[in-house]
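A.B. asks: My structure file coords-v4.txt, compact mmCIF, C-alpha atoms, is below:
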# COMPACT_ATOMS: atom_id res chain seq x y z
CA MET A 260 29.69 60.31 -33.99
CA SER A 261 28.83 59.79 -37.66
CA ASN A 262 29.29 56.16 -38.63
CA VAL A 263 30.41 56.34 -42.26
CA ARG A 264 28.71 53.01 -43.06
CA GLU A 265 25.36 54.57 -42.22
CA PHE A 266 26.02 57.05 -45.03
CA GLY A 267 26.80 54.41 -47.63
CA ALA A 268 30.46 53.51 -47.11
CA VAL A 269 31.19 49.86 -47.85
CA GLY A 270 34.69 49.46 -46.39
CA ASP A 271 35.74 46.53 -48.58
CA GLY A 272 38.81 48.23 -50.11
CA VAL A 273 37.31 47.93 -53.59
CA ASN A 274 34.29 50.18 -53.80
CA ASP A 275 34.92 53.94 -53.85
CA ASP A 276 33.77 55.31 -50.50
CA THR A 277 34.70 58.94 -51.22
CA GLN A 278 31.13 60.19 -51.72
CA ALA A 279 29.83 58.33 -48.70
CA ILE A 280 32.50 59.79 -46.41
CA ALA A 281 31.84 63.28 -47.80
CA HIS A 282 28.13 62.71 -47.19
CA ALA A 283 28.82 61.75 -43.56
CA LEU A 284 31.01 64.80 -43.14
CA ARG A 285 28.41 67.11 -44.66
CA ASP A 286 25.19 65.71 -43.17
CA GLY A 287 26.31 63.76 -40.12
CA ASP A 288 26.11 64.83 -36.51
CA GLY A 289 29.74 64.98 -35.52
CA PRO A 290 33.16 63.33 -35.81
CA LEU A 291 33.62 60.53 -38.31
CA TYR A 292 33.65 56.97 -37.06
CA PHE A 293 35.17 54.28 -39.28
CA PRO A 294 34.22 50.74 -38.19
CA ARG A 295 36.61 47.93 -38.98
CA GLY A 296 37.27 47.79 -42.73
CA ASP A 297 39.23 49.23 -45.66
CA TYR A 298 37.81 52.48 -47.04
CA ALA A 299 38.99 53.38 -50.55
CA VAL A 300 38.94 57.08 -51.51
CA THR A 301 39.91 58.61 -54.83
CA ARG A 302 40.21 62.26 -53.87
CA THR A 303 41.07 64.30 -50.79
CA ILE A 304 38.47 64.51 -48.03
CA ASN A 305 38.60 68.23 -47.23
CA VAL A 306 37.44 69.18 -43.74
CA PRO A 307 36.72 72.95 -43.50
CA LEU A 308 36.43 73.25 -39.73
CA ASP A 309 34.52 76.52 -39.76
CA LYS A 310 31.71 74.72 -41.64
CA THR A 311 31.84 71.25 -40.12
CA GLY A 312 32.33 72.41 -36.55
CA ARG A 313 34.35 70.51 -34.00
CA PHE A 314 35.85 67.51 -35.71
CA GLY A 315 37.59 64.22 -35.16
CA VAL A 316 38.24 60.85 -36.75
CA ASP A 317 38.17 57.53 -34.93
CA GLY A 318 39.23 54.30 -36.60
CA ASP A 319 37.76 51.67 -34.29
CA ALA A 320 40.85 51.12 -32.12
CA GLY A 321 43.08 50.90 -35.21
CA ALA A 322 40.95 48.34 -37.09
CA ALA A 323 39.99 50.76 -39.90
CA THR A 324 42.11 51.79 -42.91
CA ILE A 325 41.67 54.64 -45.37
CA ILE A 326 43.23 53.76 -48.74
CA MET A 327 44.13 56.85 -50.78
CA GLN A 328 43.89 55.94 -54.46
CA GLY A 329 44.33 59.47 -55.83
CA ALA A 330 46.87 62.28 -55.62
CA GLY A 331 47.14 64.52 -52.57
CA PRO A 332 46.35 63.90 -48.90
CA ALA A 333 43.67 61.45 -47.86
CA LEU A 334 42.55 64.01 -45.26
CA ARG A 335 43.06 67.76 -45.30
CA ILE A 336 42.03 69.55 -42.11
CA ILE A 337 41.53 73.28 -42.79
CA GLY A 338 41.06 75.87 -40.08
CA THR A 339 41.09 79.65 -40.11
CA HIS A 340 43.27 80.39 -37.07
CA GLN A 341 45.46 83.44 -37.71
CA GLY A 342 46.51 84.21 -34.17
CA THR A 343 49.26 82.84 -31.97
CA GLY A 344 49.11 80.44 -29.04
CA GLU A 345 48.17 83.33 -26.74
CA PRO A 346 44.48 82.96 -25.78
CA GLY A 347 43.58 86.55 -26.55
CA THR A 348 44.55 86.12 -30.21
CA VAL A 349 42.15 83.21 -30.82
CA GLN A 350 38.92 84.30 -32.49
CA PRO A 351 35.58 83.14 -31.00
CA ASN A 352 34.73 81.00 -34.02
CA VAL A 353 37.98 79.05 -33.56
CA TRP A 354 37.09 78.21 -29.96
CA SER A 355 33.48 77.36 -30.78
CA LYS A 356 34.00 75.39 -34.02
CA GLN A 357 37.63 74.51 -34.66
CA ARG A 358 39.64 73.84 -31.52
CA MET A 359 41.39 70.51 -31.10
CA PRO A 360 40.68 68.57 -34.29
CA THR A 361 41.62 65.00 -33.39
CA ILE A 362 42.70 62.10 -35.61
CA ARG A 363 42.92 58.88 -33.64
CA ASN A 364 43.35 55.12 -34.02
CA ILE A 365 43.31 54.75 -37.80
CA GLU A 366 45.59 53.61 -40.61
CA ILE A 367 46.12 55.54 -43.85
CA THR A 368 47.82 53.89 -46.81
CA GLY A 369 48.37 54.90 -50.43
CA ARG A 370 47.85 53.31 -53.83
CA HIS A 371 48.98 56.28 -55.91
CA ALA A 372 52.49 57.64 -56.45
CA GLU A 373 51.39 61.11 -55.26
CA ALA A 374 49.12 60.02 -52.43
CA ASP A 375 49.79 61.68 -49.07
CA GLY A 376 48.58 61.01 -45.56
CA ILE A 377 47.18 64.00 -43.67
CA GLU A 378 47.61 67.74 -44.23
CA PHE A 379 46.90 70.38 -41.58
CA ILE A 380 46.35 74.06 -42.43
CA GLU A 381 45.66 76.90 -39.96
CA THR A 382 44.57 74.65 -37.11
CA MET A 383 44.51 75.28 -33.38
CA GLN A 384 45.38 72.56 -30.86
CA LEU A 385 45.30 69.60 -33.24
CA VAL A 386 45.87 66.12 -31.82
CA MET A 387 47.09 63.10 -33.78
CA GLU A 388 47.35 59.93 -31.73
CA GLY A 389 47.64 56.24 -32.52
CA VAL A 390 47.77 56.76 -36.28
CA LEU A 391 49.61 54.51 -38.76
CA ILE A 392 50.56 56.11 -42.09
CA ARG A 393 52.43 54.03 -44.66
CA GLN A 394 53.04 53.62 -48.39
CA VAL A 395 52.20 57.23 -49.20
CA ARG A 396 54.44 60.14 -50.18
CA ASN A 397 54.45 62.54 -47.20
CA GLY A 398 52.95 61.11 -44.04
CA VAL A 399 52.00 64.33 -42.26
CA ARG A 400 52.30 67.81 -43.77
CA LEU A 401 51.88 70.99 -41.72
CA HIS A 402 51.49 74.03 -43.94
CA ARG A 403 50.88 77.80 -43.77
CA ARG A 404 50.01 78.26 -40.08
CA ASN A 405 49.30 75.97 -37.12
CA ARG A 406 49.44 76.33 -33.36
CA ASN A 407 49.72 73.90 -30.42
CA VAL A 408 50.26 70.60 -32.24
CA LEU A 409 50.45 67.19 -30.54
CA ILE A 410 51.63 64.13 -32.51
CA SER A 411 52.08 61.06 -30.31
CA HIS A 412 52.03 57.26 -30.32
CA CYS A 413 52.03 57.11 -34.11
CA HIS A 414 53.72 54.91 -36.70
CA ILE A 415 54.80 56.84 -39.80
CA TYR A 416 56.47 54.14 -41.78
CA HIS A 417 57.84 53.32 -45.24
CA ASN A 418 56.78 56.36 -47.24
CA THR A 419 58.45 57.78 -50.36
CA GLY A 420 58.58 61.36 -49.07
CA VAL A 421 58.89 62.74 -45.53
CA GLY A 422 57.45 61.25 -42.36
CA VAL A 423 56.51 64.55 -40.68
CA PHE A 424 56.99 67.54 -42.99
CA LEU A 425 56.88 71.11 -41.68
CA ASP A 426 56.65 72.75 -45.08
CA ALA A 427 56.51 76.56 -45.33
CA VAL A 428 54.61 76.71 -42.04
CA ASN A 429 54.43 79.26 -39.25
CA LEU A 430 54.14 76.98 -36.25
CA HIS A 431 54.60 77.51 -32.54
CA GLN A 432 54.22 74.84 -29.87
CA ILE A 433 54.60 71.37 -31.40
CA ASN A 434 55.33 68.10 -29.60
CA ILE A 435 56.32 64.98 -31.55
CA ALA A 436 56.54 62.19 -28.99
CA SER A 437 56.60 58.43 -28.46
CA SER A 438 56.32 57.63 -32.15
CA HIS A 439 58.02 55.37 -34.66
CA ILE A 440 59.10 57.41 -37.72
CA SER A 441 61.12 55.17 -39.99
CA TYR A 442 61.88 54.13 -43.58
CA ASN A 443 60.73 57.41 -45.11
CA ARG A 444 62.84 58.13 -48.18
CA ARG A 445 63.26 61.92 -47.79
CA GLY A 446 63.65 62.02 -44.03
CA GLY A 447 61.88 61.28 -40.79
CA ILE A 448 61.20 64.85 -39.64
CA ARG A 449 61.96 67.63 -42.12
CA ILE A 450 61.54 71.39 -41.70
CA GLU A 451 62.01 73.71 -44.67
CA GLY A 452 61.05 77.33 -45.35
CA SER A 453 59.32 77.61 -41.98
CA GLU A 454 59.19 79.73 -38.86
CA VAL A 455 59.02 77.38 -35.87
CA ARG A 456 59.19 77.96 -32.11
CA ASN A 457 58.78 75.60 -29.15
CA LEU A 458 59.50 72.29 -30.88
CA GLN A 459 59.93 69.16 -28.78
CA ILE A 460 61.02 65.88 -30.41
CA THR A 461 61.03 63.43 -27.52
CA GLY A 462 61.08 59.70 -26.96
CA ASN A 463 60.81 58.61 -30.59
CA ASP A 464 62.44 55.90 -32.68
CA ILE A 465 63.56 57.72 -35.87
CA GLU A 466 65.47 55.32 -38.10
CA TYR A 467 66.54 54.38 -41.64
CA ASN A 468 64.96 57.38 -43.35
CA ASN A 469 66.81 57.40 -46.68
CA HIS A 470 66.78 55.88 -50.14
CA ARG A 471 68.03 52.42 -49.34
CA SER A 472 64.67 50.83 -48.62
CA PHE A 473 63.36 51.91 -52.01
CA GLY A 474 66.24 50.96 -54.31
CA ALA A 475 66.25 54.59 -55.46
CA GLU A 476 68.96 57.11 -56.23
CA PRO A 477 70.28 58.84 -53.10
CA GLU A 478 69.57 62.45 -52.24
CA ARG A 479 70.50 64.61 -49.27
CA THR A 480 68.45 63.53 -46.33
CA ALA A 481 68.51 63.01 -42.58
CA GLU A 482 66.49 61.38 -39.86
CA ILE A 483 65.88 64.94 -38.68
CA LEU A 484 66.65 67.71 -41.18
CA ILE A 485 66.06 71.38 -40.39
CA ASP A 486 66.86 73.96 -43.07
CA THR A 487 66.28 77.63 -42.29
CA THR A 488 68.17 79.15 -45.20
CA ALA A 489 65.03 80.37 -47.01
CA GLU A 490 64.08 84.02 -46.59
CA ARG A 491 62.38 84.71 -43.22
CA ALA A 492 62.76 81.08 -42.14
CA SER A 493 63.96 80.34 -38.61
CA VAL A 494 63.72 77.56 -36.04
CA ALA A 495 64.38 78.16 -32.35
CA GLU A 496 63.44 76.96 -28.86
CA VAL A 497 63.97 73.30 -29.69
CA THR A 498 64.50 70.15 -27.64
CA VAL A 499 65.59 66.86 -29.21
CA ALA A 500 65.70 64.44 -26.30
CA SER A 501 65.70 60.71 -25.51
CA ASN A 502 65.32 59.48 -29.07
CA THR A 503 67.04 56.71 -30.98
CA ILE A 504 68.16 58.30 -34.25
CA GLN A 505 69.91 55.68 -36.36
CA ALA A 506 70.39 54.91 -40.05
CA THR A 507 72.32 53.20 -42.78
CA PRO A 508 74.98 55.45 -44.38
CA SER A 509 73.95 57.41 -47.47
CA PRO A 510 75.82 60.03 -49.54
CA ASP A 511 75.72 63.42 -47.78
CA GLY A 512 73.45 61.82 -45.19
CA CYS A 513 73.12 62.71 -41.52
CA ASN A 514 71.19 61.51 -38.53
CA LEU A 515 70.61 65.10 -37.41
CA ARG A 516 71.26 67.97 -39.84
CA ILE A 517 70.70 71.64 -39.00
CA ILE A 518 71.39 74.24 -41.68
CA GLU A 519 71.03 77.88 -40.68
CA GLN A 520 71.94 81.13 -42.34
CA PRO A 521 74.85 82.64 -40.40
CA GLY A 522 74.90 86.36 -39.86
CA ASP A 523 73.69 89.16 -37.63
CA GLY A 524 70.00 89.62 -36.97
CA ARG A 525 69.18 85.94 -36.57
CA PRO A 526 67.16 84.90 -33.50
CA PRO A 527 69.02 82.93 -30.82
CA GLY A 528 69.23 79.20 -31.45
CA LEU A 529 68.06 77.99 -28.04
CA TRP A 530 68.64 74.36 -29.01
CA SER A 531 69.09 71.41 -26.63
CA ILE A 532 70.04 67.99 -28.04
CA THR A 533 70.20 65.66 -25.05
CA GLY A 534 70.20 62.00 -24.12
CA ASN A 535 69.87 60.51 -27.61
CA ILE A 536 71.40 57.45 -29.28
CA ILE A 537 72.64 58.72 -32.66
CA GLY A 538 74.54 56.61 -35.16
CA ASN A 539 75.49 55.09 -38.48
CA GLN A 540 75.60 57.85 -41.09
CA GLU A 541 78.11 59.81 -43.15
CA ASN A 542 77.98 62.49 -40.46
CA ASN A 543 75.94 61.72 -37.37
CA VAL A 544 75.31 65.32 -36.32
CA ARG A 545 76.09 68.20 -38.67
CA LEU A 546 75.55 71.82 -37.62
CA THR A 547 76.00 74.55 -40.24
CA GLY A 548 75.61 78.24 -39.48
CA CYS A 549 74.18 77.55 -36.02
CA HIS A 550 74.28 79.81 -32.96
CA GLY A 551 73.38 78.60 -29.49
CA VAL A 552 73.24 74.79 -29.37
CA VAL A 553 73.81 72.47 -26.39
CA LEU A 554 74.75 68.89 -27.30
CA SER A 555 74.91 66.91 -24.07
CA GLY A 556 74.69 63.38 -22.73
CA ASN A 557 74.36 61.69 -26.11
CA PHE A 558 75.89 58.46 -27.36
CA ILE A 559 77.04 59.23 -30.92
CA TYR A 560 78.66 56.46 -32.90
CA SER A 561 79.97 55.21 -36.24
CA ALA A 562 80.34 57.81 -38.96
CA GLY A 563 81.64 57.70 -42.51
CA GLN A 564 83.27 61.08 -41.84
CA GLN A 565 82.60 62.59 -38.39
CA ASN A 566 80.38 61.87 -35.44
CA LEU A 567 80.00 65.64 -35.14
CA LEU A 568 80.73 68.24 -37.82
CA VAL A 569 80.33 71.90 -36.87
CA GLU A 570 80.71 74.57 -39.58
CA GLN A 571 80.43 78.38 -39.47
CA SER A 572 78.84 78.16 -36.04
CA SER A 573 79.15 79.83 -32.64
CA GLN A 574 78.23 79.19 -29.01
CA ILE A 575 78.08 75.41 -29.41
CA ASN A 576 78.38 73.63 -26.05
CA ILE A 577 79.40 69.96 -26.47
CA THR A 578 79.34 68.31 -23.04
CA GLY A 579 79.27 64.80 -21.62
CA ASN A 580 78.92 62.90 -24.89
CA SER A 581 80.45 59.58 -25.86
CA PHE A 582 81.81 59.43 -29.42
CA ARG A 583 82.95 56.08 -30.78
CA ARG A 584 82.66 53.55 -33.59
CA HIS A 585 81.12 50.09 -33.47
CA THR A 586 82.00 48.78 -36.92
CA PRO A 587 85.37 48.65 -38.75
CA LYS A 588 83.77 50.12 -41.86
CA LEU A 589 82.99 53.45 -40.17
CA GLY A 590 84.89 55.87 -37.98
CA THR A 591 84.66 58.41 -35.20
CA GLY A 592 85.67 61.95 -34.41
CA VAL A 593 84.68 65.60 -34.05
CA ARG A 594 85.48 68.39 -36.49
CA LEU A 595 84.98 72.16 -36.06
CA VAL A 596 85.51 74.44 -39.06
CA ASP A 597 85.26 78.23 -39.28
CA SER A 598 83.62 78.35 -35.86
CA ARG A 599 84.09 80.34 -32.68
CA ASP A 600 83.17 80.50 -29.00
CA CYS A 601 82.58 76.77 -28.59
CA VAL A 602 83.20 74.42 -25.64
CA LEU A 603 84.01 70.70 -25.74
CA SER A 604 84.10 69.24 -22.23
CA GLY A 605 83.72 65.97 -20.36
CA CYS A 606 83.49 63.86 -23.52
CA THR A 607 85.13 60.63 -24.57
CA ILE A 608 86.27 60.16 -28.17
CA GLN A 609 87.78 56.81 -29.00
CA ASP A 610 88.70 54.84 -32.10
CA GLU A 611 88.45 51.26 -30.84
CA SER A 612 89.62 49.60 -34.05
CA ALA A 613 93.06 48.04 -34.13
CA GLU A 614 93.41 49.13 -37.76
CA GLY A 615 92.69 52.85 -37.40
CA GLN A 616 90.14 54.86 -39.33
CA ALA A 617 89.60 54.33 -43.03
CA SER A 618 88.91 58.08 -43.41
CA GLY A 619 92.32 58.97 -41.99
CA ALA A 620 90.74 61.62 -39.73
CA SER A 621 92.12 62.57 -36.33
CA LEU A 622 89.83 62.39 -33.31
CA LEU A 623 89.42 66.16 -32.88
CA GLU A 624 90.04 68.45 -35.84
CA LEU A 625 89.94 72.24 -35.57
CA GLU A 626 90.28 74.42 -38.64
CA ASN A 627 90.18 78.24 -38.73
CA CYS A 628 88.52 78.44 -35.34
CA GLN A 629 88.63 81.05 -32.58
CA ARG A 630 88.06 80.81 -28.83
CA ILE A 631 87.56 77.05 -28.62
CA THR A 632 87.82 75.50 -25.14
CA VAL A 633 88.61 71.78 -24.86
CA GLN A 634 88.53 70.67 -21.24
CA GLY A 635 88.52 67.30 -19.47
CA VAL A 636 88.18 65.28 -22.65
CA GLN A 637 89.53 61.77 -23.21
CA LEU A 638 90.87 61.29 -26.74
CA LEU A 639 92.01 57.72 -27.14
CA ASP A 640 93.67 55.93 -30.05
CA GLY A 641 93.62 58.82 -32.46
CA ALA A 642 95.53 58.47 -35.70
CA PRO A 643 97.30 60.30 -37.11
CA TYR A 644 96.62 62.70 -34.20
CA GLY A 645 94.49 63.02 -31.11
CA VAL A 646 94.02 66.75 -31.74
CA ASP A 647 94.86 68.32 -35.09
CA ALA A 648 94.48 72.12 -35.28
CA ARG A 649 95.17 74.47 -38.16
CA ASP A 650 94.87 78.27 -38.40
CA CYS A 651 93.35 78.57 -34.93
CA ARG A 652 93.34 81.43 -32.43
CA GLN A 653 92.77 81.45 -28.67
CA THR A 654 92.30 77.69 -28.46
CA ASN A 655 92.65 76.38 -24.91
CA ILE A 656 93.19 72.62 -24.36
CA THR A 657 93.39 71.77 -20.64
CA GLY A 658 93.09 68.75 -18.37
CA CYS A 659 92.70 66.24 -21.20
CA THR A 660 93.98 62.71 -21.63
CA ILE A 661 95.30 62.05 -25.13
CA ALA A 662 96.78 58.57 -25.61
CA ASP A 663 97.31 55.80 -28.13
CA THR A 664 96.61 52.58 -26.24
CA ARG A 665 96.84 50.10 -29.12
CA ALA A 666 99.36 47.30 -28.96
CA GLU A 667 100.62 48.54 -32.33
CA ARG A 668 100.78 52.33 -32.25
CA LYS A 669 99.01 54.11 -35.11
CA GLY A 670 99.31 57.73 -34.04
CA LYS A 671 102.04 60.19 -35.01
CA ALA A 672 101.54 62.66 -32.15
CA ALA A 673 99.03 63.48 -29.44
CA VAL A 674 98.58 67.10 -30.60
CA ARG A 675 99.47 68.98 -33.76
CA PHE A 676 99.15 72.75 -34.33
CA ARG A 677 99.99 74.21 -37.71
CA GLY A 678 99.28 77.13 -40.00
CA ALA A 679 98.77 80.73 -38.88
CA GLY A 680 97.56 81.11 -35.29
CA SER A 681 97.93 82.96 -32.01
CA ASP A 682 97.31 82.63 -28.28
CA ASN A 683 96.80 78.87 -28.29
CA THR A 684 97.51 76.81 -25.16
CA VAL A 685 97.91 73.16 -24.22
CA ALA A 686 98.13 72.82 -20.42
CA HIS A 687 97.93 70.15 -17.73
CA CYS A 688 97.17 67.33 -20.15
CA THR A 689 98.26 63.70 -20.02
CA LEU A 690 99.89 62.85 -23.35
CA GLY A 691 100.79 59.19 -23.52
CA GLU A 692 102.06 56.44 -25.79
CA TYR A 693 102.67 58.60 -28.85
CA ALA A 694 106.11 58.74 -30.44
CA THR A 695 105.85 62.52 -30.23
CA ALA A 696 103.72 64.36 -27.70
CA ILE A 697 103.26 67.60 -29.65
CA GLU A 698 104.00 68.71 -33.18
CA LYS A 699 103.83 72.44 -33.76
CA GLU A 700 104.79 75.01 -36.31
CA GLU A 701 106.17 78.29 -34.96
CA SER A 702 103.52 80.21 -36.86
CA ALA A 703 100.73 78.39 -35.00
CA GLY A 704 101.21 80.44 -31.82
CA LEU A 705 101.06 77.48 -29.41
CA VAL A 706 102.25 77.60 -25.79
CA VAL A 707 102.63 74.29 -23.92
CA GLU A 708 102.46 74.27 -20.12
Write the structure described by the file as structure tokens, please.
C.D. replies:
Amino acid sequence: MSNVREFGAVGDGVNDDTQAIAHALRDGDGPLYFPRGDYAVTRTINVPLDKTGRFGVDGDAGAATIIMQGAGPALRIIGTHQGTGEPGTVQPNVWSKQRMPTIRNIEITGRHAEADGIEFIETMQLVMEGVLIRQVRNGVRLHRRNRNVLISHCHIYHNTGVGVFLDAVNLHQINIASSHISYNRRGGIRIEGSEVRNLQITGNDIEYNNHRSFGAEPERTAEILIDTTAERASVAEVTVASNTIQATPSPDGCNLRIIEQPGDGRPPGLWSITGNIIGNQENNVRLTGCHGVVLSGNFIYSAGQQNLLVEQSSQINITGNSFRRHTPKLGTGVRLVDSRDCVLSGCTIQDESAEGQASGASLLELENCQRITVQGVQLLDGAPYGVDARDCRQTNITGCTIADTRAERKGKAAVRFRGAGSDNTVAHCTLGEYATAIEKEESAGLVVE
């Protein structure tokens, strides 16, 4: 490896080491080694892999820091890969010179308002492990085209932009795992204007990614925000599993926010959101325009509006989740709007406050929905209603327990159907402790069995 001190770097955090690091990159004999110290740079260290050859950075078991004192990323890794993840599409020069650029065991911090951490462009099989990035704008930015990305065991912490930003990138095969991604003002993981396949977000702690830590004005953000509404953007084949995804409430904020463009011709969603702890936001999970999402085995708690808000979506399978509140200031509940062909089964939804919800929302709200199946769900202590449906068609509620168990009853009825509807059924449910079991308007088309 090329020890940057042997090329003139001082590492005292005061002297400008930019030229020395560039010298080591240009004339050294391999990956860059940063011994313990603080290395100030004033401009981006560009690494053109086709010229440098196989490349890596090692920061002496985490004892070295790069301090970015200028605008832009401290490191920009630039490849030329234009193929896919399929071996036959990878050009010989990529295998011989560019494969698996590796950034390991180093800290990057910023001393400029527009300083960034690391940017990756057109790389193949990059690895980022044991990296701490803090006090910059965007921690990690993936842009244009990348394939087979591994980000693990990293701390991306207290940055003014996004922790991990997939920004106008064509990217297949990316794993973000076992990392701490927190206190980033514009979101923990954010995907915009991109085409992404095979994304795994697994085993991370993704928390408090909004404006509150900066005393700044709020803007729409989320711990994980995925927006595919730009032309040709799409995200599919995604697993979000075994993470803690928590926050402090912020206006229009979410823990997990997926915004897709509804309509024919979109690729299948192929989303699985499983086994996460998700809580404390205006809406915990919000799905807009989605098709093909499984939400299972999660604990989702404490929302300013809803634990789960589903809008203009289809084929959403909501199974085996626990929805509740843990603070009197926030609430609980599930709301489906303008959606169809969805299943809610085996879940518990409970408002455990003796006072009822400040938002006034019922536990399950359905509005202008079609072919919604609600089966084997416990809806406890809902007020004003356990289930409140309006303008729904072919809604089937079976085998559920809907009860108000408070010492002082807050609910008006277990189930309400109103508006224009048809072919709706409530069957084989236990409806207890409400003054009225079911409220219905004749126009709602409800049959009770």
A.B. asks: Contacts between range 417-420 of chain A and range 455-563 of chain A, please, where a residue of range 455-563 of chain A counts if it comes within 12 Å (with all atoms listed in the file); show its shortest atom pair and distance in Å to one decimal, rows by chain and ascending number, as a Markdown table.
C.D. replies:
| residue | atom | partner | partner_atom | distance |
| --- | --- | --- | --- | --- |
| A:Ile465 | CA | A:His417 | CA | 11.8 |
| A:Glu466 | CA | A:His417 | CA | 10.6 |
| A:Tyr467 | CA | A:His417 | CA | 9.5 |
| A:Asn468 | CA | A:His417 | CA | 8.4 |
| A:Asn469 | CA | A:Thr419 | CA | 9.1 |
| A:His470 | CA | A:Thr419 | CA | 8.5 |
| A:Arg471 | CA | A:His417 | CA | 11.0 |
| A:Ser472 | CA | A:His417 | CA | 8.0 |
| A:Phe473 | CA | A:Thr419 | CA | 7.8 |
| A:Gly474 | CA | A:Thr419 | CA | 11.1 |
| A:Ala475 | CA | A:Thr419 | CA | 9.9 |
| A:Glu478 | CA | A:Gly420 | CA | 11.5 |
| A:Thr480 | CA | A:Gly420 | CA | 10.5 |
| A:Ala481 | CA | A:Gly420 | CA | 12.0 |
A.B. asks: Any chance you could tabulate, as JSON lines, the residues of range 560-624 of chain A at most 10 Å from range 672-685 of chain A with each one's nearest atom pair and distance in Å to one decimal, using only C-alpha atoms, in chain and rising number order?
C.D. replies:
{"residue": "A:Ser621", "atom": "CA", "partner": "A:Val674", "partner_atom": "CA", "distance": 9.8}
{"residue": "A:Leu623", "atom": "CA", "partner": "A:Val674", "partner_atom": "CA", "distance": 9.5}
{"residue": "A:Glu624", "atom": "CA", "partner": "A:Arg675", "partner_atom": "CA", "distance": 9.7}
A.B. asks: From the options A:Val596, A:Val428, A:Ile483, A:Met387, which residue's atoms come nearest to His414 in chain A, counting only C-alpha atoms?
C.D. replies: A:Met387
A.B. asks: For Leu425 in chain A, list every protein, DNA or RNA residue within 7 Å, evaluated using all atoms listed in the file, and leave out those in the same chain fewer than 4 positions away; present the list as a PyMOL selection string.
C.D. replies: chain A and resi 400-402+449-451+453
A.B. asks: Just want the 8 Å neighbourhood of Arg370 in chain A, counted on all atoms listed in the file, with same-chain residues fewer than 4 positions away dropped. Output as a list in words.
C.D. replies: Ile326, Met327, Gln328, Gly329, Ala374, Gln394 and Val395 of chain A
A.B. asks: Using CA of Ser598 in chain A and CA of Gln629 in chain A as the two end points, give the distance in Å to one decimal.
C.D. replies: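 CA of Ser598 in chain A sits 6.6 Å away from CA of Gln629 in chain A.
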A.B. asks: Please list as a VMD selection string every residue within 7 Å of range 632-641 of chain A, counting only C-alpha atoms and excluding residues in the same chain fewer than 2 positions away.
C.D. replies: chain A and resid 601 to 610 621 to 622 630 643 to 645 654 to 665 670
A.B. asks: Within 10 Å of (66.7, 74.9, -29.6), all atoms listed in the file: residues as a list of chain:residue names?
C.D. replies: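 Selection result: A:Arg456, A:Asn457, A:Leu458, A:Gln459, A:Val494, A:Ala495, A:Glu496, A:Val497, A:Thr498, A:Val499, A:Pro527, A:Gly528, A:Leu529, A:Trp530, A:Ser531, A:Ile532, A:His550, A:Gly551, A:Val552, A:Val553.
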A.B. asks: Taking all atoms listed in the file into account, name the residue in A:Glu626, A:Asp271, A:Asp511, A:Glu366 that is nearest to Glu388 in chain A.
C.D. replies: A:Glu366
A.B. asks: Just to confirm, what's the straight-line distance from CA of Val646 in chain A to CA of Glu519 in chain A in Å (one decimal)?
C.D. replies: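 Atom-to-atom, CA of Val646 in chain A to CA of Glu519 in chain A, that is 27.1 Å.
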A.B. asks: Residues proximal to (79.4, 70.8, -42.7) were defined as those with any atom within 7 Å of that point in the file's coordinates, counting all atoms listed in the file. Which are they, as a compact mmCIF listing (two decimals) with C-alpha atoms, in the coordinates of the input?
C.D. replies:
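Output (result05.txt):
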# COMPACT_ATOMS: atom_id res chain seq x y z
CA ARG A 545 76.09 68.20 -38.67
CA LEU A 546 75.55 71.82 -37.62
CA THR A 547 76.00 74.55 -40.24
CA LEU A 568 80.73 68.24 -37.82
CA VAL A 569 80.33 71.90 -36.87
CA GLU A 570 80.71 74.57 -39.58
A.B. asks: Return the single residue from A:Ala489, A:Leu385, A:Ile575, A:Ala279 that is closest to Ala427 in chain A, with distances computed using only C-alpha atoms.
C.D. replies: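 Closest candidate: A:Ala489.
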A.B. asks: Could you jot down the CA of Gly376 in chain A to CA of Phe314 in chain A separation for me, Å, one decimal place?
C.D. replies: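 CA of Phe314 in chain A lies at a distance of 17.4 Å from CA of Gly376 in chain A.
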A.B. asks: With all atoms listed in the file as the basis for distance, which of A:Tyr416, A:Arg406, A:Ile440, A:Gly615 is at the shortest distance from Gln341 in chain A?
C.D. replies: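 Comparing A:Tyr416, A:Arg406, A:Ile440, A:Gly615 against Gln341 in chain A, the winner is A:Arg406.
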A.B. asks: Of the residues A:Leu391, A:Ile362, A:Cys549, A:Met383, which is the one nearest to Thr348 in chain A, using all atoms listed in the file?
C.D. replies: A:Met383
A.B. asks: Here is a test: counting all atoms listed in the file, which residue of A:Cys513, A:Ile504, A:Leu484, A:Ile365 is nearest to His439 in chain A?
C.D. replies: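 Closest to His439 in chain A, using all atoms listed in the file: A:Ile504.
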A.B. asks: Which residues, written as a PyMOL selection string, have at least one atom at most 6 Å from Ile367 in chain A, with only C-alpha atoms counted and residues fewer than 2 positions away on the same chain left out?
C.D. replies: chain A and resi 324-326+392
A.B. asks: Please define a box with edges along x, y and z of the file around all atoms of range 350-367 of chain A given in the file, extend it by 5 Å on each side, and return its centre and edge lengths in Å to one decimal, as lines of an AutoDock Vina configuration file.
C.D. replies:
center_x = 39.8
center_y = 69.0
center_z = -36.9
size_x = 22.6
size_y = 40.7
size_z = 23.9
A.B. asks: Give me, as number ranges by chain, all polymer residues having an atom no more than 6 Å from Val399 in chain A, counting only C-alpha atoms and skipping those fewer than 4 positions away in the same chain.
C.D. replies: A: 376-378, 423-424
